[in-house]
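Below: work_15.txt (compact mmCIF, C-alpha atoms and all ligand atoms)
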```txt
# COMPACT_ATOMS: atom_id res chain seq x y z
CA MET U 1 25.47 28.87 20.99
CA LYS U 2 21.86 29.16 22.21
CA LYS U 3 20.89 30.80 18.91
CA ILE U 4 21.28 27.54 16.92
CA PRO U 5 18.22 25.66 18.31
CA VAL U 6 16.10 28.82 17.96
CA LEU U 7 17.18 29.10 14.34
CA ILE U 8 16.36 25.43 13.70
CA ILE U 9 12.88 25.85 15.24
CA PHE U 10 12.32 28.95 13.12
CA LEU U 11 13.35 27.11 9.92
CA CYS U 12 11.08 24.19 10.83
CA LEU U 13 8.15 26.60 11.24
CA LEU U 14 8.77 27.86 7.71
CA HIS U 15 8.66 24.31 6.27
CA PRO U 16 5.52 23.92 4.09
CA ALA U 17 4.55 20.67 5.81
CA TYR U 18 4.51 22.46 9.20
CA SER U 19 2.62 25.56 8.16
CA GLN U 20 -0.08 23.44 6.47
CA SER U 21 -0.40 21.11 9.47
CA LYS U 22 -1.98 23.93 11.47
CA LYS U 23 -5.08 23.94 9.25
CA ALA U 24 -7.50 21.05 8.76
CA LEU U 25 -6.82 19.35 5.46
CA ASP U 26 -9.17 20.47 2.69
CA VAL U 27 -10.04 17.01 1.34
CA ASP U 28 -12.12 18.20 -1.60
CA LYS U 29 -9.32 20.48 -2.73
CA GLU U 30 -6.87 17.56 -2.61
CA LEU U 31 -9.23 15.20 -4.42
CA SER U 32 -9.77 17.74 -7.14
CA TYR U 33 -5.97 18.15 -7.38
CA CYS U 34 -5.80 14.35 -7.93
CA LEU U 35 -8.43 14.69 -10.65
CA THR U 36 -6.39 17.38 -12.41
CA GLN U 37 -3.30 15.16 -12.37
CA VAL U 38 -5.29 12.12 -13.55
CA LYS U 39 -6.48 14.10 -16.56
CA LYS U 40 -2.88 15.06 -17.39
CA THR U 41 -1.87 11.39 -17.35
CA LEU U 42 -4.85 10.39 -19.48
CA ALA U 43 -3.78 13.07 -21.97
CA GLU U 44 -0.54 11.09 -22.45
CA LYS U 45 -2.88 8.77 -24.41
CA GLN U 46 -1.33 5.37 -23.84
CA PRO U 47 -3.09 2.14 -24.86
CA TYR U 48 -4.92 0.29 -22.08
CA ASN U 49 -2.23 -2.38 -21.81
CA ARG U 50 0.43 0.22 -20.96
CA LEU U 51 0.25 1.31 -17.34
CA PRO U 52 2.01 4.30 -15.77
CA ARG U 53 4.40 3.13 -13.05
CA ARG U 54 6.98 5.76 -12.09
CA ILE U 55 8.40 9.15 -12.94
CA SER U 56 12.08 9.60 -12.15
CA LYS U 57 13.44 12.95 -11.02
CA ALA U 58 14.97 13.61 -14.43
CA ASP U 59 11.68 12.93 -16.29
CA SER U 60 8.35 14.65 -16.52
CA ASN U 61 6.46 11.80 -18.23
CA TRP U 62 5.45 8.46 -16.80
CA ASN U 63 7.49 5.37 -17.43
CA TYR U 64 4.94 2.77 -18.64
CA VAL U 65 4.90 -0.98 -17.93
CA GLY U 66 2.96 -3.97 -19.26
CA ILE U 67 0.01 -5.78 -17.68
CA GLU U 68 2.18 -8.43 -15.97
CA ASP U 69 3.89 -5.82 -13.78
CA TRP U 70 3.01 -6.20 -10.08
CA THR U 71 1.83 -2.58 -10.00
CA SER U 72 -0.50 -2.85 -13.01
CA GLY U 73 -3.69 -2.57 -10.92
CA PHE U 74 -2.84 0.72 -9.26
CA TRP U 75 -3.53 2.98 -12.23
CA PRO U 76 -6.99 1.51 -12.96
CA GLY U 77 -7.63 1.57 -9.20
CA THR U 78 -6.67 5.24 -9.04
CA LEU U 79 -9.02 5.94 -11.94
CA TRP U 80 -11.87 4.20 -10.09
CA TYR U 81 -11.30 6.45 -7.06
CA ALA U 82 -11.11 9.49 -9.35
CA TYR U 83 -14.42 8.39 -10.90
CA GLU U 84 -15.96 7.86 -7.46
CA TYR U 85 -15.11 11.46 -6.62
CA SER U 86 -15.93 13.11 -9.94
CA LYS U 87 -18.70 10.89 -11.40
CA ASP U 88 -17.05 11.76 -14.71
CA ASN U 89 -17.95 9.08 -17.29
CA THR U 90 -14.78 9.71 -19.33
CA ILE U 91 -12.79 8.62 -16.30
CA LYS U 92 -15.11 5.67 -15.73
CA ASP U 93 -14.54 4.51 -19.32
CA ALA U 94 -10.79 4.78 -18.90
CA ALA U 95 -10.97 2.90 -15.57
CA ALA U 96 -12.94 0.12 -17.26
CA GLY U 97 -10.56 0.03 -20.24
CA TYR U 98 -7.44 -0.33 -18.10
CA THR U 99 -9.17 -2.82 -15.76
CA ASN U 100 -10.31 -5.09 -18.59
CA ALA U 101 -6.88 -4.96 -20.21
CA LEU U 102 -5.41 -6.86 -17.23
CA THR U 103 -7.50 -10.05 -17.60
CA PRO U 104 -5.09 -11.89 -19.98
CA VAL U 105 -2.76 -12.16 -16.97
CA LEU U 106 -5.20 -14.75 -15.62
CA ASP U 107 -4.60 -17.04 -18.61
CA GLU U 108 -0.95 -17.39 -17.54
CA LYS U 109 0.42 -19.60 -14.79
CA GLU U 110 0.54 -17.71 -11.49
CA HIS U 111 4.13 -16.52 -11.22
CA ASP U 112 3.92 -14.86 -7.80
CA HIS U 113 1.65 -13.55 -5.07
CA ASP U 114 0.87 -10.14 -6.58
CA LEU U 115 -2.53 -11.11 -8.02
CA GLY U 116 -4.35 -9.37 -5.18
CA PHE U 117 -2.41 -6.16 -5.74
CA MET U 118 -3.25 -6.33 -9.44
CA PHE U 119 -6.88 -7.40 -9.41
CA TYR U 120 -8.40 -6.18 -6.16
CA THR U 121 -7.27 -2.60 -6.80
CA SER U 122 -8.61 -2.69 -10.38
CA ALA U 123 -11.53 -5.13 -10.71
CA GLY U 124 -12.22 -4.92 -6.96
CA ASN U 125 -12.85 -1.19 -7.10
CA GLY U 126 -14.63 -1.61 -10.44
CA TYR U 127 -17.08 -4.04 -8.87
CA ARG U 128 -17.52 -1.90 -5.75
CA LEU U 129 -18.60 1.05 -7.88
CA THR U 130 -20.46 -0.60 -10.79
CA ARG U 131 -21.56 -4.09 -9.62
CA ASP U 132 -20.56 -5.34 -13.08
CA SER U 133 -20.49 -9.16 -12.80
CA VAL U 134 -17.54 -9.38 -15.20
CA TYR U 135 -15.34 -7.81 -12.50
CA ARG U 136 -16.70 -10.30 -9.97
CA GLN U 137 -15.70 -13.21 -12.22
CA THR U 138 -12.24 -11.69 -12.69
CA ILE U 139 -11.73 -11.42 -8.94
CA LEU U 140 -12.88 -15.01 -8.39
CA ARG U 141 -10.48 -16.29 -11.07
CA ALA U 142 -7.60 -14.26 -9.63
CA SER U 143 -8.38 -15.61 -6.15
CA ASP U 144 -8.37 -19.24 -7.30
CA SER U 145 -5.00 -18.67 -8.98
CA LEU U 146 -3.53 -17.01 -5.90
CA ALA U 147 -4.75 -19.88 -3.69
CA LEU U 148 -2.60 -22.30 -5.73
CA LEU U 149 0.46 -20.75 -4.07
CA PHE U 150 -0.76 -21.62 -0.55
CA ASN U 151 1.36 -24.19 1.28
CA PRO U 152 -0.82 -25.78 4.02
CA LYS U 153 2.21 -27.19 5.83
CA VAL U 154 3.63 -23.68 6.30
CA GLY U 155 0.30 -21.90 6.49
CA THR U 156 1.15 -19.09 4.08
CA ILE U 157 1.03 -18.22 0.40
CA LEU U 158 4.37 -18.52 -1.40
CA SER U 159 5.31 -14.98 -2.45
CA TRP U 160 8.16 -15.47 -4.90
CA PRO U 161 8.52 -18.90 -6.56
CA ARG U 162 11.61 -17.60 -8.41
CA MET U 163 13.43 -16.98 -5.11
CA ILE U 164 13.35 -20.70 -4.27
CA SER U 165 16.27 -21.27 -6.64
CA GLN U 166 17.64 -17.71 -6.82
CA MET U 167 18.03 -17.26 -3.06
CA GLY U 168 17.64 -20.82 -1.73
CA TRP U 169 14.47 -19.79 0.14
CA PRO U 170 12.36 -23.00 -0.10
CA HIS U 171 9.15 -21.24 0.89
CA ASN U 172 9.20 -17.46 1.23
CA THR U 173 6.52 -15.03 2.29
CA ILE U 174 6.93 -11.28 2.23
CA MET U 175 5.01 -8.86 4.39
CA ASP U 176 3.52 -7.26 1.26
CA ASN U 177 1.56 -10.49 0.77
CA MET U 178 -0.83 -9.41 3.56
CA ILE U 179 -2.43 -7.03 1.05
CA ASN U 180 -3.39 -9.86 -1.31
CA LEU U 181 -5.56 -11.44 1.40
CA GLU U 182 -8.29 -8.83 1.01
CA MET U 183 -9.19 -10.30 -2.38
CA LEU U 184 -9.45 -13.81 -0.89
CA PHE U 185 -11.69 -12.64 1.97
CA TRP U 186 -13.89 -10.86 -0.57
CA ALA U 187 -14.06 -13.83 -2.96
CA ALA U 188 -15.13 -16.22 -0.19
CA LYS U 189 -18.07 -13.91 0.61
CA ASN U 190 -19.04 -13.32 -3.01
CA GLY U 191 -19.50 -16.72 -4.62
CA GLY U 192 -15.94 -18.06 -4.42
CA ASP U 193 -14.74 -21.15 -2.58
CA LYS U 194 -15.19 -20.73 1.18
CA LYS U 195 -11.70 -22.18 1.65
CA LEU U 196 -10.29 -18.89 0.34
CA ARG U 197 -11.23 -17.29 3.63
CA ASP U 198 -9.50 -20.04 5.62
CA ILE U 199 -6.37 -19.57 3.52
CA ALA U 200 -6.38 -15.82 4.11
CA GLU U 201 -6.94 -16.19 7.85
CA LYS U 202 -4.27 -18.88 8.22
CA HIS U 203 -1.80 -16.76 6.23
CA ALA U 204 -2.41 -13.78 8.52
CA GLU U 205 -2.05 -15.95 11.65
CA THR U 206 1.23 -17.50 10.48
CA THR U 207 2.56 -14.08 9.50
CA MET U 208 1.59 -12.67 12.87
CA LYS U 209 3.55 -15.46 14.57
CA ASN U 210 6.77 -15.30 12.55
CA HIS U 211 7.14 -11.98 10.82
CA PHE U 212 7.68 -9.71 13.82
CA ARG U 213 10.52 -9.04 16.22
CA PRO U 214 9.71 -8.63 19.94
CA ASP U 215 9.27 -4.84 19.45
CA TRP U 216 6.71 -5.38 16.63
CA THR U 217 8.97 -4.16 13.86
CA SER U 218 8.76 -6.52 10.90
CA TYR U 219 11.01 -8.61 8.72
CA HIS U 220 10.44 -8.12 5.04
CA VAL U 221 10.80 -11.83 4.16
CA ALA U 222 10.04 -14.89 6.25
CA VAL U 223 11.77 -18.03 4.98
CA TYR U 224 10.18 -21.40 5.76
CA ASP U 225 10.97 -25.05 5.17
CA ASP U 226 8.42 -26.01 2.54
CA LYS U 227 8.19 -29.63 3.81
CA SER U 228 8.14 -29.29 7.61
CA GLY U 229 6.60 -25.82 7.63
CA GLU U 230 9.26 -24.67 10.10
CA PHE U 231 10.19 -20.96 10.18
CA ILE U 232 13.88 -20.76 9.20
CA LYS U 233 14.75 -17.05 9.33
CA GLY U 234 13.62 -13.49 8.80
CA VAL U 235 15.57 -11.50 6.21
CA THR U 236 15.21 -8.48 3.99
CA HIS U 237 15.01 -7.97 0.26
CA GLN U 238 14.09 -4.31 -0.11
CA GLY U 239 15.12 -2.98 3.29
CA TYR U 240 18.47 -1.72 4.60
CA ALA U 241 19.32 -4.85 6.62
CA ASP U 242 17.72 -8.07 7.84
CA ASN U 243 17.02 -6.49 11.21
CA SER U 244 16.12 -2.99 10.07
CA LEU U 245 12.66 -1.46 9.81
CA TRP U 246 11.84 -1.11 6.11
CA ALA U 247 9.16 1.59 6.02
CA ARG U 248 6.90 0.15 3.33
CA GLY U 249 7.09 -3.36 4.78
CA GLN U 250 5.75 -2.01 8.07
CA ALA U 251 3.14 -0.03 6.12
CA TRP U 252 1.90 -3.23 4.48
CA ALA U 253 1.73 -4.82 7.94
CA ILE U 254 -0.34 -1.97 9.42
CA TYR U 255 -2.72 -1.92 6.48
CA GLY U 256 -2.91 -5.72 6.12
CA PHE U 257 -3.58 -6.55 9.77
CA THR U 258 -6.17 -3.76 10.02
CA MET U 259 -7.96 -5.25 7.01
CA SER U 260 -7.66 -8.77 8.48
CA ALA U 261 -9.16 -7.53 11.76
CA ARG U 262 -12.08 -6.03 9.81
CA GLU U 263 -12.64 -9.23 7.85
CA THR U 264 -12.36 -11.75 10.69
CA GLY U 265 -13.27 -9.78 13.80
CA ARG U 266 -10.25 -11.41 15.49
CA ARG U 267 -8.96 -9.35 18.40
CA TYR U 268 -5.37 -10.56 17.92
CA PHE U 269 -5.26 -9.12 14.40
CA LEU U 270 -6.49 -5.78 15.72
CA GLU U 271 -3.85 -5.85 18.45
CA THR U 272 -1.19 -6.67 15.86
CA ALA U 273 -2.32 -3.77 13.69
CA GLN U 274 -2.10 -1.45 16.71
CA LYS U 275 1.32 -2.65 17.84
CA THR U 276 2.78 -2.37 14.35
CA ALA U 277 1.23 1.09 13.98
CA ASP U 278 2.45 2.24 17.40
CA VAL U 279 6.10 1.38 16.77
CA TYR U 280 5.94 2.98 13.31
CA ILE U 281 4.39 6.22 14.65
CA LYS U 282 6.78 6.37 17.60
CA ASN U 283 9.82 6.30 15.31
CA LEU U 284 8.59 8.71 12.62
CA PRO U 285 10.66 11.79 11.86
CA ALA U 286 9.13 15.28 12.04
CA GLY U 287 6.80 15.75 9.07
CA HIS U 288 5.22 12.27 9.48
CA VAL U 289 6.69 10.85 6.27
CA PRO U 290 9.27 8.12 6.95
CA TYR U 291 12.71 7.68 5.52
CA TRP U 292 12.67 4.65 3.22
CA ASP U 293 14.15 2.56 6.07
CA PHE U 294 14.03 3.72 9.68
CA ASN U 295 17.55 2.38 10.28
CA ASP U 296 19.43 3.73 7.29
CA PRO U 297 22.60 5.22 8.87
CA LYS U 298 22.51 8.01 6.27
CA ILE U 299 19.44 9.57 7.94
CA PRO U 300 18.77 12.57 7.74
CA ASP U 301 20.32 12.44 4.26
CA ALA U 302 18.49 9.26 3.26
CA PRO U 303 15.52 9.39 0.84
CA LYS U 304 11.96 9.44 2.12
CA ASP U 305 9.16 7.07 1.13
CA ALA U 306 5.90 8.93 0.51
CA SER U 307 4.28 5.66 -0.59
CA ALA U 308 4.68 4.23 2.93
CA ALA U 309 3.09 7.39 4.37
CA ALA U 310 0.10 7.10 2.03
CA ILE U 311 -0.42 3.37 2.77
CA VAL U 312 -0.19 3.96 6.52
CA ALA U 313 -2.54 6.97 6.41
CA SER U 314 -5.16 4.89 4.64
CA GLY U 315 -4.66 1.98 7.04
CA LEU U 316 -4.84 4.18 10.14
CA LEU U 317 -8.09 5.75 8.99
CA GLU U 318 -9.60 2.29 8.93
CA LEU U 319 -7.91 1.32 12.20
CA SER U 320 -9.55 4.36 13.83
CA THR U 321 -12.96 2.85 12.97
CA LEU U 322 -12.15 -0.56 14.49
CA VAL U 323 -10.60 0.46 17.80
CA LYS U 324 -13.21 0.68 20.56
CA ASP U 325 -11.38 3.10 22.88
CA LYS U 326 -12.41 6.55 21.57
CA LYS U 327 -9.20 8.29 22.65
CA VAL U 328 -6.99 5.71 20.95
CA ALA U 329 -9.18 5.77 17.84
CA GLN U 330 -8.90 9.55 17.73
CA HIS U 331 -5.13 9.28 18.06
CA TYR U 332 -4.91 7.05 14.94
CA ARG U 333 -7.24 9.33 12.99
CA ALA U 334 -5.24 12.43 13.97
CA GLU U 335 -1.98 10.72 12.97
CA ALA U 336 -3.46 9.79 9.59
CA GLU U 337 -4.60 13.38 9.06
CA ARG U 338 -1.13 14.65 9.92
CA MET U 339 0.43 12.28 7.39
CA LEU U 340 -2.01 13.33 4.67
CA THR U 341 -1.49 17.00 5.48
CA SER U 342 2.23 16.56 5.00
CA LEU U 343 1.73 14.71 1.73
CA ALA U 344 -0.62 17.47 0.58
CA SER U 345 2.03 20.14 1.18
CA SER U 346 4.18 21.56 -1.58
CA ALA U 347 7.08 19.51 -0.18
CA TYR U 348 5.46 16.30 -1.45
CA LYS U 349 2.97 17.19 -4.17
CA SER U 350 4.08 16.85 -7.80
CA GLY U 351 1.99 19.82 -8.95
CA ASP U 352 3.48 21.16 -12.17
CA GLN U 353 6.65 19.06 -11.90
CA ASN U 354 5.04 15.93 -13.31
CA HIS U 355 1.68 14.20 -13.79
CA ALA U 356 1.72 12.06 -10.66
CA PHE U 357 0.08 13.14 -7.38
CA LEU U 358 3.14 12.76 -5.16
CA LEU U 359 6.92 13.03 -5.24
CA HIS U 360 9.55 11.32 -3.04
CA SER U 361 8.82 7.60 -2.93
CA THR U 362 11.45 4.89 -2.78
CA GLY U 363 10.84 1.59 -4.55
CA HIS U 364 13.87 -0.70 -4.30
CA HIS U 365 16.75 1.09 -2.60
CA PRO U 366 19.14 -1.91 -2.31
CA ASN U 367 18.73 -2.43 -6.04
CA GLY U 368 19.42 1.25 -6.71
CA THR U 369 16.09 1.55 -8.53
CA GLU U 370 13.16 3.93 -8.10
CA ILE U 371 14.79 6.08 -5.45
CA ASP U 372 13.09 9.40 -4.73
CA VAL U 373 10.55 9.07 -7.53
CA SER U 374 6.84 9.44 -8.15
CA ILE U 375 5.23 5.99 -8.11
CA ASN U 376 1.77 4.68 -8.94
CA TYR U 377 1.12 2.95 -5.60
CA ALA U 378 1.84 6.11 -3.60
CA ASP U 379 -0.81 7.85 -5.69
CA TYR U 380 -3.28 4.97 -5.33
CA TYR U 381 -3.12 4.89 -1.52
CA TYR U 382 -3.13 8.69 -1.35
CA ILE U 383 -6.42 8.98 -3.24
CA GLU U 384 -7.83 6.02 -1.30
CA ALA U 385 -6.91 7.70 2.00
CA LEU U 386 -8.45 11.02 0.91
CA THR U 387 -11.62 9.21 -0.14
CA ARG U 388 -11.73 7.44 3.22
CA LEU U 389 -11.20 10.69 5.12
CA LYS U 390 -14.00 12.36 3.16
CA LYS U 391 -16.35 9.51 4.07
CA LEU U 392 -15.37 9.56 7.74
CA ARG U 393 -15.89 13.32 7.94
CA ALA U 394 -19.34 12.84 6.42
CA GLY U 395 -20.12 10.22 9.09
CA LYS U 396 -20.21 7.39 6.53
CA SER U 397 -18.63 3.96 6.84
CA LEU U 398 -15.58 3.22 4.68
N1 LIG J 401 5.41 -5.15 -3.10
C1 LIG J 401 6.64 -4.60 -3.45
C2 LIG J 401 6.95 -3.30 -2.82
O1 LIG J 401 6.31 -2.87 -1.88
O2 LIG J 401 7.88 -2.67 -3.27
```

Represent the structure contained in this file as structure tokens.
Ligand code: GLY
Amino acid sequence: MKKIPVLIIFLCLLHPAYSQSKKALDVDKELSYCLTQVKKTLAEKQPYNRLPRRISKADSNWNYVGIEDWTSGFWPGTLWYAYEYSKDNTIKDAAAGYTNALTPVLDEKEHDHDLGFMFYTSAGNGYRLTRDSVYRQTILRASDSLALLFNPKVGTILSWPRMISQMGWPHNTIMDNMINLEMLFWAAKNGGDKKLRDIAEKHAETTMKNHFRPDWTSYHVAVYDDKSGEFIKGVTHQGYADNSLWARGQAWAIYGFTMSARETGRRYFLETAQKTADVYIKNLPAGHVPYWDFNDPKIPDAPKDASAAAIVASGLLELSTLVKDKKVAQHYRAEAERMLTSLASSAYKSGDQNHAFLLHSTGHHPNGTEIDVSINYADYYYIEALTRLKKLRAGKSL
């Protein structure tokens, strides 16, 4: 009987994620791997208004989507990070081409909250690296459009107008919406309306109040009365159950509250980021990459979500720069490095299997779509996290 645990330990030691975790992650090697994969995707030669979104297990090529897709900014954003690393002008030109192709979205009526996802990853990174004023104008326009979805009575941005009638959710805000705030904070500091900052801060405050259970796990969706502003209920859309911990939702919370703490200097946002990170880390399985939902009863046979791991790794690297206590900061940094080391192992890297960086992400499990796939946002946050780690190791700010 005693032989079984010994055998399990032995098998765990053989797992690629474990054997790699003993060495410090070679960030340059991983960034140059990303560059190799980026070049393979560029060789698929798609027009700039076709963006790679996912690769299913059965496929080796990307499935492409149009510019209105909520994930359309991640590919140009990934190209900007690849350019930042390589200084390769071919990649810069492609990044600019895909970024500029998104602007017609701004001529349409805002149909949901995803404008920050789409434009801060693309034009935001473009401006950060080139200072081209066209990108600045794009971000300001996107921010003004996003602000039109803010309901001052509730104190948050409406995430999904279509769900008002589809689900009977008069005003709904999803945790993912925290990510869009970074664009509003930026716009307010860079020539946009100063009210954009107030909207972003109010949204984060209201979310902090209503979107968490007492143990700091999060609801995916908060439903509000659009007239009184009253919080009605917390539910899920992409998680296992209303009260379960959907991995990517918590990842958005960790990343979003860390960013809000950076932008506002508010201690309560930093504390929220830490509490949401602590409960996530405490419940992680071995290997530091979560199952798609921490409460799926099928665990350990449930699919993983590498995208959540990449988002959290990037968020924790920033959190480690904001926390004053050196030991706690070091803990977040070490956790982030462990997550990245796992993602960089052969268990998670696409390598020759397909042109993405990473395998094993889960998009919309309840819908039965994008389960155990490669997905553009996992790649985006992976290359962002590697870039951040490289900067931190060089003693630079993020
Ligand atoms: N923002 C949608 C998702 O995380 O799947």

**OP:** With all atoms listed in the file counted, collect every polymer residue having an atom within 12 Å of ligand LIG 401 (chain J); state the result as a PyMOL selection string.
**Re:** chain U and resi 53+69-72+74+112-118+159-160+173-180+220-221+236-239+246-253+292+305+307-308+311+361-367+369-371+375-378

Written file, previous selection with C-alpha atoms, as a JSON list (two decimals), keeping the file's coordinate frame:
```json
[["chain", "number", "residue", "atom", "x", "y", "z"],
["U", 53, "ARG", "CA", 4.40, 3.13, -13.05],
["U", 69, "ASP", "CA", 3.89, -5.82, -13.78],
["U", 70, "TRP", "CA", 3.01, -6.20, -10.08],
["U", 71, "THR", "CA", 1.83, -2.58, -10.00],
["U", 72, "SER", "CA", -0.50, -2.85, -13.01],
["U", 74, "PHE", "CA", -2.84, 0.72, -9.26],
["U", 112, "ASP", "CA", 3.92, -14.86, -7.80],
["U", 113, "HIS", "CA", 1.65, -13.55, -5.07],
["U", 114, "ASP", "CA", 0.87, -10.14, -6.58],
["U", 115, "LEU", "CA", -2.53, -11.11, -8.02],
["U", 116, "GLY", "CA", -4.35, -9.37, -5.18],
["U", 117, "PHE", "CA", -2.41, -6.16, -5.74],
["U", 118, "MET", "CA", -3.25, -6.33, -9.44],
["U", 159, "SER", "CA", 5.31, -14.98, -2.45],
["U", 160, "TRP", "CA", 8.16, -15.47, -4.90],
["U", 173, "THR", "CA", 6.52, -15.03, 2.29],
["U", 174, "ILE", "CA", 6.93, -11.28, 2.23],
["U", 175, "MET", "CA", 5.01, -8.86, 4.39],
["U", 176, "ASP", "CA", 3.52, -7.26, 1.26],
["U", 177, "ASN", "CA", 1.56, -10.49, 0.77],
["U", 178, "MET", "CA", -0.83, -9.41, 3.56],
["U", 179, "ILE", "CA", -2.43, -7.03, 1.05],
["U", 180, "ASN", "CA", -3.39, -9.86, -1.31],
["U", 220, "HIS", "CA", 10.44, -8.12, 5.04],
["U", 221, "VAL", "CA", 10.80, -11.83, 4.16],
["U", 236, "THR", "CA", 15.21, -8.48, 3.99],
["U", 237, "HIS", "CA", 15.01, -7.97, 0.26],
["U", 238, "GLN", "CA", 14.09, -4.31, -0.11],
["U", 239, "GLY", "CA", 15.12, -2.98, 3.29],
["U", 246, "TRP", "CA", 11.84, -1.11, 6.11],
["U", 247, "ALA", "CA", 9.16, 1.59, 6.02],
["U", 248, "ARG", "CA", 6.90, 0.15, 3.33],
["U", 249, "GLY", "CA", 7.09, -3.36, 4.78],
["U", 250, "GLN", "CA", 5.75, -2.01, 8.07],
["U", 251, "ALA", "CA", 3.14, -0.03, 6.12],
["U", 252, "TRP", "CA", 1.90, -3.23, 4.48],
["U", 253, "ALA", "CA", 1.73, -4.82, 7.94],
["U", 292, "TRP", "CA", 12.67, 4.65, 3.22],
["U", 305, "ASP", "CA", 9.16, 7.07, 1.13],
["U", 307, "SER", "CA", 4.28, 5.66, -0.59],
["U", 308, "ALA", "CA", 4.68, 4.23, 2.93],
["U", 311, "ILE", "CA", -0.42, 3.37, 2.77],
["U", 361, "SER", "CA", 8.82, 7.60, -2.93],
["U", 362, "THR", "CA", 11.45, 4.89, -2.78],
["U", 363, "GLY", "CA", 10.84, 1.59, -4.55],
["U", 364, "HIS", "CA", 13.87, -0.70, -4.30],
["U", 365, "HIS", "CA", 16.75, 1.09, -2.60],
["U", 366, "PRO", "CA", 19.14, -1.91, -2.31],
["U", 367, "ASN", "CA", 18.73, -2.43, -6.04],
["U", 369, "THR", "CA", 16.09, 1.55, -8.53],
["U", 370, "GLU", "CA", 13.16, 3.93, -8.10],
["U", 371, "ILE", "CA", 14.79, 6.08, -5.45],
["U", 375, "ILE", "CA", 5.23, 5.99, -8.11],
["U", 376, "ASN", "CA", 1.77, 4.68, -8.94],
["U", 377, "TYR", "CA", 1.12, 2.95, -5.60],
["U", 378, "ALA", "CA", 1.84, 6.11, -3.60]]
```

Would you kindly return, as an mmCIF file with C-alpha atoms, keeping the file's coordinate frame, each protein, DNA or RNA residue with an atom no farther than 12 Å from any atom of Arg213 of chain U, considering all atoms listed in the file and excluding same-chain residues fewer than 2 positions away?
```
data_model
loop_
_atom_site.group_PDB
_atom_site.id
_atom_site.type_symbol
_atom_site.label_atom_id
_atom_site.label_comp_id
_atom_site.auth_asym_id
_atom_site.auth_seq_id
_atom_site.Cartn_x
_atom_site.Cartn_y
_atom_site.Cartn_z
ATOM 1 C CA THR U 207 2.560 -14.080 9.500
ATOM 2 C CA MET U 208 1.590 -12.670 12.870
ATOM 3 C CA LYS U 209 3.550 -15.460 14.570
ATOM 4 C CA ASN U 210 6.770 -15.300 12.550
ATOM 5 C CA HIS U 211 7.140 -11.980 10.820
ATOM 6 C CA ASP U 215 9.270 -4.840 19.450
ATOM 7 C CA TRP U 216 6.710 -5.380 16.630
ATOM 8 C CA THR U 217 8.970 -4.160 13.860
ATOM 9 C CA SER U 218 8.760 -6.520 10.900
ATOM 10 C CA TYR U 219 11.010 -8.610 8.720
ATOM 11 C CA HIS U 220 10.440 -8.120 5.040
ATOM 12 C CA ALA U 222 10.040 -14.890 6.250
ATOM 13 C CA LYS U 233 14.750 -17.050 9.330
ATOM 14 C CA GLY U 234 13.620 -13.490 8.800
ATOM 15 C CA VAL U 235 15.570 -11.500 6.210
ATOM 16 C CA ASP U 242 17.720 -8.070 7.840
ATOM 17 C CA ASN U 243 17.020 -6.490 11.210
ATOM 18 C CA SER U 244 16.120 -2.990 10.070
ATOM 19 C CA LEU U 245 12.660 -1.460 9.810
ATOM 20 C CA GLN U 250 5.750 -2.010 8.070
ATOM 21 C CA THR U 272 -1.190 -6.670 15.860
ATOM 22 C CA LYS U 275 1.320 -2.650 17.840
ATOM 23 C CA THR U 276 2.780 -2.370 14.350
ATOM 24 C CA VAL U 279 6.100 1.380 16.770
#
```

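Residues with any atom within 12 Å of Glu44 of chain U, counting only C-alpha atoms and excluding same-chain neighbours fewer than 2 positions away, are Gln37, Val38, Lys39, Lys40, Thr41, Leu42, Gln46, Pro47, Tyr48, Arg50, Leu51, Pro52, Ser60, Asn61, Trp62, Asn63, Tyr64, Asn354 and His355 of chain U.
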
**OP:** Write out as a PyMOL selection string each polymer residue whose atoms come within 10 Å of Pro170 of chain U, counting only C-alpha atoms; drop sequence neighbours fewer than 6 positions from it.
**Re:** chain U and resi 158+160-164+223-227+232

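The smallest atom-to-atom distance between Thr321 of chain U and any of U:Leu392, U:Ile281, U:Thr387, U:Phe269, using all atoms listed in the file, is found for U:Leu392.
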
Is there a way to get, as a CSV table (one decimal) with C-alpha atoms, in the coordinates of the input, all residues within 12 Å of the point (-9.9, 2.2, 17.4) in file coordinates, counting all atoms listed in the file?
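part39.csv, freshly written:
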```csv
chain,number,residue,atom,x,y,z
U,258,THR,CA,-6.2,-3.8,10.0
U,261,ALA,CA,-9.2,-7.5,11.8
U,262,ARG,CA,-12.1,-6.0,9.8
U,267,ARG,CA,-9.0,-9.4,18.4
U,270,LEU,CA,-6.5,-5.8,15.7
U,271,GLU,CA,-3.8,-5.8,18.4
U,273,ALA,CA,-2.3,-3.8,13.7
U,274,GLN,CA,-2.1,-1.4,16.7
U,277,ALA,CA,1.2,1.1,14.0
U,315,GLY,CA,-4.7,2.0,7.0
U,316,LEU,CA,-4.8,4.2,10.1
U,317,LEU,CA,-8.1,5.8,9.0
U,318,GLU,CA,-9.6,2.3,8.9
U,319,LEU,CA,-7.9,1.3,12.2
U,320,SER,CA,-9.6,4.4,13.8
U,321,THR,CA,-13.0,2.8,13.0
U,322,LEU,CA,-12.2,-0.6,14.5
U,323,VAL,CA,-10.6,0.5,17.8
U,324,LYS,CA,-13.2,0.7,20.6
U,325,ASP,CA,-11.4,3.1,22.9
U,326,LYS,CA,-12.4,6.6,21.6
U,327,LYS,CA,-9.2,8.3,22.6
U,328,VAL,CA,-7.0,5.7,21.0
U,329,ALA,CA,-9.2,5.8,17.8
U,330,GLN,CA,-8.9,9.6,17.7
U,331,HIS,CA,-5.1,9.3,18.1
U,332,TYR,CA,-4.9,7.0,14.9
U,333,ARG,CA,-7.2,9.3,13.0
U,334,ALA,CA,-5.2,12.4,14.0
```
